[in-house]
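Q: Structure file work_10.txt, compact mmCIF, C-alpha atoms and all ligand atoms, is pasted below:
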```
# COMPACT_ATOMS: atom_id res chain seq x y z
CA MET A 1 0.00 0.00 0.00
CA SER A 2 1.41 3.38 -0.90
CA ILE A 3 1.05 6.46 1.28
CA ASN A 4 0.59 9.75 -0.49
CA PHE A 5 2.29 12.86 0.90
CA GLN A 6 1.28 15.23 -1.88
CA ASN A 7 -0.86 17.37 0.45
CA ILE A 8 2.01 18.11 2.79
CA ARG A 9 3.21 21.44 1.49
CA THR A 10 5.01 24.04 3.56
CA GLU A 11 4.83 27.57 2.24
CA PHE A 12 8.00 29.58 2.76
CA GLU A 13 6.73 32.90 3.93
CA ARG A 14 9.52 34.76 5.65
CA ASN A 15 10.87 35.98 2.29
CA LYS A 16 13.93 37.52 3.91
CA ASP A 17 15.72 39.81 1.55
CA LEU A 18 19.00 38.24 0.51
CA THR A 19 20.38 41.18 -1.44
CA ASN A 20 22.64 42.07 1.49
CA ILE A 21 24.50 38.77 1.48
CA LYS A 22 27.94 39.11 3.09
CA THR A 23 31.10 38.85 1.00
CA ASP A 24 32.63 36.42 3.53
CA PRO A 25 30.73 33.08 3.66
CA PHE A 26 31.92 32.33 7.21
CA SER A 27 30.33 35.59 8.43
CA GLN A 28 27.16 34.75 6.50
CA PHE A 29 27.10 31.26 8.07
CA LYS A 30 27.63 32.55 11.63
CA TYR A 31 24.86 35.13 11.10
CA TRP A 32 22.41 32.46 9.89
CA LEU A 33 23.35 30.00 12.66
CA GLN A 34 22.72 32.72 15.27
CA ASP A 35 19.36 33.44 13.63
CA ALA A 36 18.46 29.73 13.83
CA ILE A 37 19.43 29.68 17.53
CA ASP A 38 17.42 32.86 18.23
CA ALA A 39 14.41 31.35 16.41
CA GLY A 40 14.40 28.44 18.91
CA THR A 41 15.55 25.74 16.47
CA ILE A 42 15.98 22.34 18.13
CA ASP A 43 19.59 21.22 17.73
CA PRO A 44 20.59 24.22 15.57
CA THR A 45 24.16 22.88 15.31
CA ALA A 46 23.06 19.49 13.91
CA PHE A 47 24.06 18.88 10.32
CA SER A 48 23.99 16.08 7.81
CA PHE A 49 27.52 14.92 7.00
CA SER A 50 28.05 13.04 3.75
CA THR A 51 31.11 11.06 2.85
CA ALA A 52 31.80 8.69 -0.04
CA THR A 53 34.06 5.71 -0.53
CA LYS A 54 36.75 5.86 -3.19
CA ASP A 55 34.26 4.11 -5.50
CA GLY A 56 31.74 6.89 -4.93
CA ILE A 57 29.29 5.04 -2.64
CA PRO A 58 27.76 7.82 -0.52
CA SER A 59 26.85 7.74 3.16
CA SER A 60 25.16 10.40 5.32
CA ARG A 61 24.62 10.82 9.05
CA ILE A 62 23.84 13.61 11.51
CA LEU A 63 26.68 15.16 13.54
CA LEU A 64 26.97 18.19 15.82
CA LEU A 65 29.04 21.24 14.98
CA LYS A 66 31.26 22.16 17.91
CA GLU A 67 33.13 25.16 16.53
CA VAL A 68 33.51 27.27 13.42
CA ASP A 69 36.34 29.69 12.69
CA ASN A 70 37.77 31.14 9.49
CA ASN A 71 39.68 27.91 8.92
CA GLY A 72 36.70 25.58 8.96
CA PHE A 73 33.98 23.55 10.65
CA TYR A 74 34.92 21.38 13.65
CA PHE A 75 33.18 18.20 14.84
CA PHE A 76 34.09 15.07 16.82
CA SER A 77 33.75 11.39 16.18
CA ASN A 78 35.35 7.96 16.27
CA TYR A 79 38.47 7.65 14.10
CA GLU A 80 37.65 3.98 13.33
CA SER A 81 34.01 4.51 12.36
CA LYS A 82 32.46 4.10 8.92
CA LYS A 83 32.76 7.85 8.26
CA ALA A 84 36.44 7.76 9.33
CA LYS A 85 37.13 4.91 6.89
CA ASP A 86 35.39 6.81 4.08
CA LEU A 87 37.46 9.92 4.88
CA GLU A 88 40.71 7.93 4.75
CA GLU A 89 39.81 6.85 1.20
CA ASN A 90 38.27 10.16 0.14
CA PRO A 91 38.73 13.26 2.33
CA ILE A 92 36.23 15.40 0.39
CA ALA A 93 32.91 15.57 2.25
CA ALA A 94 29.69 17.59 2.35
CA ILE A 95 27.92 19.32 5.22
CA LEU A 96 24.22 20.24 5.09
CA PHE A 97 22.34 22.36 7.60
CA PHE A 98 18.56 22.72 7.40
CA TRP A 99 16.85 25.17 9.74
CA ALA A 100 13.06 24.84 9.29
CA ARG A 101 12.24 27.76 11.59
CA THR A 102 14.19 30.23 9.47
CA GLU A 103 13.44 28.41 6.19
CA ARG A 104 17.12 28.11 5.31
CA GLN A 105 19.56 25.53 4.07
CA VAL A 106 23.37 25.77 3.86
CA ARG A 107 25.52 23.37 1.81
CA ILE A 108 29.27 23.22 2.34
CA VAL A 109 31.85 21.06 0.53
CA GLY A 110 35.48 20.73 1.51
CA LYS A 111 38.45 18.66 2.53
CA VAL A 112 38.40 17.05 5.97
CA SER A 113 41.44 16.49 8.17
CA LYS A 114 42.00 15.44 11.78
CA ILE A 115 42.64 18.25 14.25
CA SER A 116 45.61 18.21 16.64
CA PRO A 117 45.55 15.73 19.55
CA ASN A 118 45.82 18.69 21.96
CA LYS A 119 42.67 20.32 20.57
CA SER A 120 40.84 16.98 20.78
CA ASP A 121 42.01 16.56 24.39
CA ASP A 122 40.72 20.03 25.26
CA TYR A 123 37.24 19.22 23.98
CA PHE A 124 37.19 15.69 25.46
CA LYS A 125 37.91 17.14 28.91
CA ILE A 126 34.85 19.39 28.89
CA ARG A 127 32.41 16.64 27.78
CA PRO A 128 30.00 15.20 30.37
CA LYS A 129 31.40 12.04 31.98
CA ASP A 130 28.76 9.80 30.39
CA SER A 131 29.63 11.12 26.93
CA GLN A 132 33.33 10.55 27.61
CA LEU A 133 32.56 7.00 28.68
CA SER A 134 30.47 6.29 25.59
CA SER A 135 33.20 7.46 23.26
CA ILE A 136 35.69 5.22 25.07
CA ILE A 137 33.62 2.05 25.20
CA SER A 138 31.70 2.17 21.90
CA PRO A 139 33.47 0.62 18.88
CA GLN A 140 31.42 2.94 16.65
CA SER A 141 30.01 1.41 13.45
CA GLN A 142 31.11 -2.14 14.34
CA VAL A 143 28.68 -5.05 14.75
CA ILE A 144 28.14 -5.88 18.44
CA GLU A 145 26.54 -8.94 20.00
CA ASN A 146 24.00 -7.18 22.21
CA ARG A 147 23.41 -4.22 24.55
CA GLU A 148 25.07 -6.04 27.47
CA PHE A 149 28.37 -5.87 25.59
CA LEU A 150 28.31 -2.08 26.03
CA GLU A 151 27.13 -2.20 29.67
CA LYS A 152 29.93 -4.61 30.53
CA ARG A 153 32.56 -2.48 28.82
CA LYS A 154 31.24 0.54 30.68
CA GLU A 155 31.58 -1.19 34.06
CA GLU A 156 35.09 -2.40 33.27
CA GLU A 157 36.18 1.03 32.10
CA LEU A 158 34.84 2.68 35.25
CA LYS A 159 36.86 0.22 37.38
CA THR A 160 40.15 0.78 35.57
CA ASN A 161 40.10 4.30 34.15
CA ASN A 162 39.15 6.86 36.80
CA GLU A 163 40.49 9.84 34.88
CA LEU A 164 38.66 8.94 31.65
CA THR A 165 41.36 10.05 29.24
CA ARG A 166 40.65 10.53 25.54
CA PRO A 167 41.33 7.36 23.57
CA SER A 168 43.50 7.66 20.45
CA TYR A 169 40.57 6.38 18.34
CA TRP A 170 38.33 9.35 19.15
CA GLY A 171 38.86 13.02 18.26
CA GLY A 172 38.08 16.00 16.14
CA TYR A 173 37.93 16.75 12.46
CA CYS A 174 37.93 20.02 10.55
CA LEU A 175 36.26 20.50 7.18
CA GLN A 176 37.88 23.37 5.24
CA PRO A 177 35.30 24.67 2.76
CA GLN A 178 35.91 24.96 -0.97
CA SER A 179 32.32 26.03 -1.61
CA PHE A 180 29.19 27.18 0.23
CA GLU A 181 25.59 27.53 -0.91
CA PHE A 182 23.06 29.58 1.04
CA TRP A 183 19.38 28.88 0.34
CA GLN A 184 16.51 30.96 1.63
CA GLY A 185 12.96 29.73 1.07
CA ALA A 186 10.61 32.19 -0.65
CA PRO A 187 6.90 32.25 -1.61
CA GLY A 188 5.81 30.25 -4.65
CA ARG A 189 9.05 28.23 -4.55
CA LEU A 190 11.03 31.14 -6.06
CA HIS A 191 13.76 30.66 -3.52
CA TYR A 192 17.06 32.53 -3.23
CA ARG A 193 20.32 30.67 -3.77
CA TYR A 194 23.83 32.09 -3.50
CA LYS A 195 26.91 30.05 -4.21
CA TYR A 196 30.43 30.93 -2.98
CA GLU A 197 33.41 29.24 -4.58
CA LYS A 198 37.02 29.63 -3.53
CA THR A 199 39.24 30.99 -6.29
CA PRO A 200 42.89 29.87 -6.76
CA GLY A 201 43.84 33.23 -5.17
CA ASN A 202 41.82 32.31 -2.02
CA GLU A 203 39.10 34.86 -2.70
CA TRP A 204 35.39 33.97 -2.66
CA ASN A 205 33.56 34.19 -5.98
CA ILE A 206 29.79 34.70 -5.41
CA CYS A 207 27.03 33.92 -7.89
CA MET A 208 23.26 33.52 -7.76
CA LEU A 209 21.70 30.19 -8.76
CA ALA A 210 18.24 29.51 -10.11
CA PRO A 211 16.02 27.86 -7.53
C1 LIG A 301 21.25 14.72 16.69
C2 LIG A 301 22.41 13.77 16.48
C3 LIG A 301 23.70 14.19 16.79
C4 LIG A 301 24.79 13.34 16.59
N1 LIG A 301 26.06 13.81 16.83
C5 LIG A 301 27.12 13.01 16.58
C6 LIG A 301 28.45 13.54 16.70
O1 LIG A 301 28.69 14.73 16.97
N2 LIG A 301 29.48 12.67 16.48
C7 LIG A 301 29.28 11.36 16.11
O2 LIG A 301 30.25 10.64 15.92
N3 LIG A 301 28.03 10.87 15.94
C8 LIG A 301 26.94 11.65 16.15
N4 LIG A 301 25.68 11.17 15.96
C9 LIG A 301 25.52 9.76 15.50
C10 LIG A 301 25.78 9.70 13.99
O3 LIG A 301 24.64 10.15 13.27
C11 LIG A 301 26.15 8.28 13.50
O4 LIG A 301 25.17 7.34 13.90
C12 LIG A 301 27.50 7.82 14.02
O5 LIG A 301 28.46 8.86 13.98
C13 LIG A 301 28.03 6.64 13.22
O6 LIG A 301 28.15 7.00 11.86
P1 LIG A 301 29.02 6.16 10.82
O7 LIG A 301 28.76 4.69 11.13
O8 LIG A 301 28.53 6.55 9.48
O9 LIG A 301 30.47 6.51 11.04
C14 LIG A 301 24.58 12.00 16.11
C15 LIG A 301 23.28 11.59 15.78
C16 LIG A 301 22.21 12.47 15.94
C17 LIG A 301 20.84 12.02 15.52
```
Rewrite the structure from the file as structure tokens, please.
A:
Amino acid sequence: MSINFQNIRTEFERNKDLTNIKTDPFSQFKYWLQDAIDAGTIDPTAFSFSTATKDGIPSSRILLLKEVDNNGFYFFSNYESKKAKDLEENPIAAILFFWARTERQVRIVGKVSKISPNKSDDYFKIRPKDSQLSSIISPQSQVIENREFLEKRKEEELKTNNELTRPSYWGGYCLQPQSFEFWQGAPGRLHYRYKYEKTPGNEWNICMLAP
């Protein structure tokens, strides 16, 4: 039996004027993220992260942005996970933010690299203890026998590792953007789209795309 979703139709009504788009895409991104936070978006820092194997098989999952500066977008994960294996084969990845409350989408493509162990340590130290424990005991993306496997590992870890130090298989990544696209929903599906591409001289070339 098929289910028909043709009557679900959100109208984009905010129609924010995008003629004043900033020349620096990082400033534009920070401005839009702050707007999403101010609008009460749930998990405003959540983004879809897409990797691909060397053969081009894609894979997407949600991650949380922990920092952005003019170098790139920082997030944390397991260095032996599926995404980590994809990145070893193919370091080019895509980030996608969708903020329904502000009717906006941002696409970012760039090269991903691991951040320094010191920077990963700094973030690991400020995580809640339970989150630290989970990143230590979970062999992310691997097949496990059952839930008890994790509970047992948790108990063992608590007995032997009081300090809960960052394991070498968990840490941060930085995606350095080569391109950005900012999308603002508009009435009648005549949306705004602006694309920024990095030139060989490290400037940002901006153009408008048809919706
Ligand atoms: C809201 C949300 C936030 C998440 N944040 C992270 C994160 O910051 N880091 C992470 O490794 N996984 C995070 N996950 C879990 C990932 O989506 C994914 O299941 C996990 O990283 C394994 O992906 P992989 O097998 O493709 O490597 C989050 C999931 C959700 C739904």
Q: To check your reading of the model: which residues sit at most 6 Å from ligand LIG 301 (chain A) when counting only C-alpha atoms and all ligand atoms? Write the answer as a PyMOL selection string.
A: chain A and resi 46+61-64+76-78+81-83+141
Q: Tell me which of A:Gln184, A:Asn71, A:Asn205, A:Gln142 sits closest to Lys16 in chain A, counting all atoms listed in the file.
A: A:Gln184
Q: Please list, as a list in words, the residues that have an atom at most 9 Å away from (19.2, 27.9, 7.0) in the coordinates of this file, counting all atoms listed in the file.
A: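 Those residues, ordered by chain and then number, are Phe29, Trp32, Leu33, Asp35, Ala36, Phe97, Phe98, Trp99, Ala100, Arg101, Thr102, Glu103, Arg104, Gln105, Val106, Phe182, Trp183, Gln184 and Gly185 of chain A.
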Q: Box along x, y and z, 4 Å on every side, all listed atoms of range 122-138 of chain A inside: centre and edge lengths in Å to one decimal, as AutoDock Vina command-line options.
A:
```
--center_x 34.7 --center_y 11.0 --center_z 26.9 --size_x 20.0 --size_y 26.0 --size_z 18.1
```
Q: Do you have the CA of Pro167 in chain A-CA of Ser134 in chain A distance handy?
A: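 About the pair CA of Pro167 in chain A and CA of Ser134 in chain A: they are 11.1 Å apart.
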Q: So which one's closest to Gln178 in chain A, A:Trp204, A:Phe49, A:Tyr192, A:Tyr79? Using all atoms listed in the file, please.
A: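 Looking at the shortest contact to Gln178 in chain A, the residue is A:Trp204.
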Q: Distance table requested - range 143-184 of chain A against range 107-125 of chain A, cut-off 9 Å, all atoms listed in the file: one row per qualifying residue with the closest atom pair and its distance in Å to one decimal, ordered by chain and rising residue number, as JSON lines.
A:
```
{"residue": "A:Leu164", "atom": "CA", "partner": "A:Lys125", "partner_atom": "CA", "distance": 8.7}
{"residue": "A:Thr165", "atom": "CA", "partner": "A:Lys125", "partner_atom": "CA", "distance": 7.9}
{"residue": "A:Arg166", "atom": "CA", "partner": "A:Phe124", "partner_atom": "CA", "distance": 6.2}
{"residue": "A:Ser168", "atom": "CA", "partner": "A:Pro117", "partner_atom": "CA", "distance": 8.4}
{"residue": "A:Trp170", "atom": "CA", "partner": "A:Ser120", "partner_atom": "CA", "distance": 8.2}
{"residue": "A:Gly171", "atom": "CA", "partner": "A:Ser120", "partner_atom": "CA", "distance": 5.1}
{"residue": "A:Gly172", "atom": "CA", "partner": "A:Ile115", "partner_atom": "CA", "distance": 5.4}
{"residue": "A:Tyr173", "atom": "CA", "partner": "A:Lys114", "partner_atom": "CA", "distance": 4.3}
{"residue": "A:Cys174", "atom": "CA", "partner": "A:Val112", "partner_atom": "CA", "distance": 5.5}
{"residue": "A:Leu175", "atom": "CA", "partner": "A:Val112", "partner_atom": "CA", "distance": 4.2}
{"residue": "A:Gln176", "atom": "CA", "partner": "A:Gly110", "partner_atom": "CA", "distance": 5.2}
{"residue": "A:Pro177", "atom": "CA", "partner": "A:Gly110", "partner_atom": "CA", "distance": 4.1}
{"residue": "A:Gln178", "atom": "CA", "partner": "A:Gly110", "partner_atom": "CA", "distance": 4.9}
{"residue": "A:Ser179", "atom": "CA", "partner": "A:Val109", "partner_atom": "CA", "distance": 5.4}
{"residue": "A:Phe180", "atom": "CA", "partner": "A:Ile108", "partner_atom": "CA", "distance": 4.5}
{"residue": "A:Glu181", "atom": "CA", "partner": "A:Arg107", "partner_atom": "CA", "distance": 5.0}
{"residue": "A:Phe182", "atom": "CA", "partner": "A:Arg107", "partner_atom": "CA", "distance": 6.7}
{"residue": "A:Trp183", "atom": "CA", "partner": "A:Arg107", "partner_atom": "CA", "distance": 8.4}
```
Q: Could you state the separation of CA of Met208 in chain A and CA of Ile21 in chain A in Å, given to one decimal place?
A: 10.7 Å
Q: To one decimal place, how far is CA of Asn7 in chain A from CA of Pro44 in chain A in Å?
A: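 Interatomic distance, CA of Asn7 in chain A to CA of Pro44 in chain A: 27.1 Å.
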Q: Measuring between only C-alpha atoms, which one of A:Lys198, A:Ala186, A:Lys85, A:Glu203 shows the shortest distance to Leu18 in chain A?
A: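 Of A:Lys198, A:Ala186, A:Lys85, A:Glu203, the one nearest Leu18 in chain A is A:Ala186, counting only C-alpha atoms.
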Q: Identify which of the residues A:Gln34, A:Asn146, A:Ser27, A:Thr10 lies closest to Gly72 in chain A, counting only C-alpha atoms when measuring atom-to-atom distances.
A: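 The answer is A:Ser27, which sits nearest to Gly72 in chain A.
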Q: Excluding Gly188 in chain A and its own-chain neighbours fewer than 5 positions away, which residues fall within 10 Å of it when counting only C-alpha atoms? Please give them as a list in words.
A: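 Final neighbour list, sorted by chain and number: Glu11, Phe12 and Glu13 of chain A.
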Q: Pick from A:Phe75, A:Ile42, A:Phe47, A:Ile3: nearest to Leu96 in chain A, with all atoms listed in the file counted?
A: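 Checking each of A:Phe75, A:Ile42, A:Phe47, A:Ile3 against Leu96 in chain A, counting all atoms listed in the file, the winner is A:Phe47.
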Q: Which residues are close to Ala52 in chain A, i.e. within 9 Å by only C-alpha atoms, leaving aside same-chain residues fewer than 4 positions away? Reply as a ChimeraX atom specification.
A: /A:56-60,83,86-87,89-93
Q: Can I get N, CA and C atoms for range 183-207 of chain A, as an mmCIF file, in the first residue's frame?
A:
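selection_35.cif was written with the following content:
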```cif
data_model
loop_
_atom_site.group_PDB
_atom_site.id
_atom_site.type_symbol
_atom_site.label_atom_id
_atom_site.label_comp_id
_atom_site.auth_asym_id
_atom_site.auth_seq_id
_atom_site.Cartn_x
_atom_site.Cartn_y
_atom_site.Cartn_z
ATOM 1 N N TRP A 183 20.732 28.987 0.929
ATOM 2 C CA TRP A 183 19.383 28.875 0.340
ATOM 3 C C TRP A 183 18.379 29.458 1.315
ATOM 4 N N GLN A 184 17.585 30.381 0.817
ATOM 5 C CA GLN A 184 16.514 30.960 1.633
ATOM 6 C C GLN A 184 15.182 30.683 0.950
ATOM 7 N N GLY A 185 14.265 30.022 1.649
ATOM 8 C CA GLY A 185 12.956 29.734 1.075
ATOM 9 C C GLY A 185 12.191 31.024 0.789
ATOM 10 N N ALA A 186 11.387 31.005 -0.274
ATOM 11 C CA ALA A 186 10.607 32.193 -0.645
ATOM 12 C C ALA A 186 9.244 31.741 -1.177
ATOM 13 N N PRO A 187 8.240 32.639 -1.162
ATOM 14 C CA PRO A 187 6.898 32.255 -1.611
ATOM 15 C C PRO A 187 6.899 31.722 -3.047
ATOM 16 N N GLY A 188 5.980 30.790 -3.300
ATOM 17 C CA GLY A 188 5.814 30.250 -4.651
ATOM 18 C C GLY A 188 7.014 29.465 -5.142
ATOM 19 N N ARG A 189 7.842 29.033 -4.216
ATOM 20 C CA ARG A 189 9.049 28.229 -4.551
ATOM 21 C C ARG A 189 10.089 29.002 -5.367
ATOM 22 N N LEU A 190 9.999 30.340 -5.360
ATOM 23 C CA LEU A 190 11.029 31.139 -6.059
ATOM 24 C C LEU A 190 12.108 31.514 -5.046
ATOM 25 N N HIS A 191 12.810 30.488 -4.612
ATOM 26 C CA HIS A 191 13.765 30.655 -3.519
ATOM 27 C C HIS A 191 14.996 31.432 -3.962
ATOM 28 N N TYR A 192 15.770 31.878 -2.965
ATOM 29 C CA TYR A 192 17.055 32.529 -3.225
ATOM 30 C C TYR A 192 18.179 31.505 -3.048
ATOM 31 N N ARG A 193 19.133 31.531 -3.937
ATOM 32 C CA ARG A 193 20.323 30.674 -3.773
ATOM 33 C C ARG A 193 21.579 31.468 -4.137
ATOM 34 N N TYR A 194 22.540 31.456 -3.217
ATOM 35 C CA TYR A 194 23.827 32.094 -3.495
ATOM 36 C C TYR A 194 24.936 31.081 -3.308
ATOM 37 N N LYS A 195 25.797 30.982 -4.298
ATOM 38 C CA LYS A 195 26.914 30.045 -4.209
ATOM 39 C C LYS A 195 28.229 30.813 -4.085
ATOM 40 N N TYR A 196 29.091 30.364 -3.165
ATOM 41 C CA TYR A 196 30.428 30.932 -2.980
ATOM 42 C C TYR A 196 31.430 29.849 -3.358
ATOM 43 N N GLU A 197 32.359 30.194 -4.235
ATOM 44 C CA GLU A 197 33.415 29.237 -4.582
ATOM 45 C C GLU A 197 34.764 29.885 -4.372
ATOM 46 N N LYS A 198 35.686 29.094 -3.808
ATOM 47 C CA LYS A 198 37.019 29.634 -3.529
ATOM 48 C C LYS A 198 37.822 29.693 -4.818
ATOM 49 N N THR A 199 38.428 30.840 -5.073
ATOM 50 C CA THR A 199 39.244 30.992 -6.290
ATOM 51 C C THR A 199 40.671 30.515 -5.972
ATOM 52 N N PRO A 200 41.491 30.269 -7.023
ATOM 53 C CA PRO A 200 42.885 29.874 -6.761
ATOM 54 C C PRO A 200 43.633 30.916 -5.920
ATOM 55 N N GLY A 201 43.202 32.182 -5.975
ATOM 56 C CA GLY A 201 43.836 33.232 -5.166
ATOM 57 C C GLY A 201 43.238 33.360 -3.773
ATOM 58 N N ASN A 202 42.448 32.334 -3.348
ATOM 59 C CA ASN A 202 41.823 32.312 -2.018
ATOM 60 C C ASN A 202 40.813 33.424 -1.761
ATOM 61 N N GLU A 203 40.215 33.911 -2.836
ATOM 62 C CA GLU A 203 39.103 34.858 -2.696
ATOM 63 C C GLU A 203 37.815 34.034 -2.818
ATOM 64 N N TRP A 204 36.673 34.663 -2.481
ATOM 65 C CA TRP A 204 35.392 33.971 -2.659
ATOM 66 C C TRP A 204 34.639 34.590 -3.832
ATOM 67 N N ASN A 205 34.342 33.760 -4.824
ATOM 68 C CA ASN A 205 33.559 34.189 -5.975
ATOM 69 C C ASN A 205 32.080 33.891 -5.660
ATOM 70 N N ILE A 206 31.212 34.893 -5.769
ATOM 71 C CA ILE A 206 29.791 34.696 -5.412
ATOM 72 C C ILE A 206 28.914 34.776 -6.652
ATOM 73 N N CYS A 207 28.001 33.808 -6.798
ATOM 74 C CA CYS A 207 27.027 33.921 -7.890
ATOM 75 C C CYS A 207 25.653 33.489 -7.388
#
```
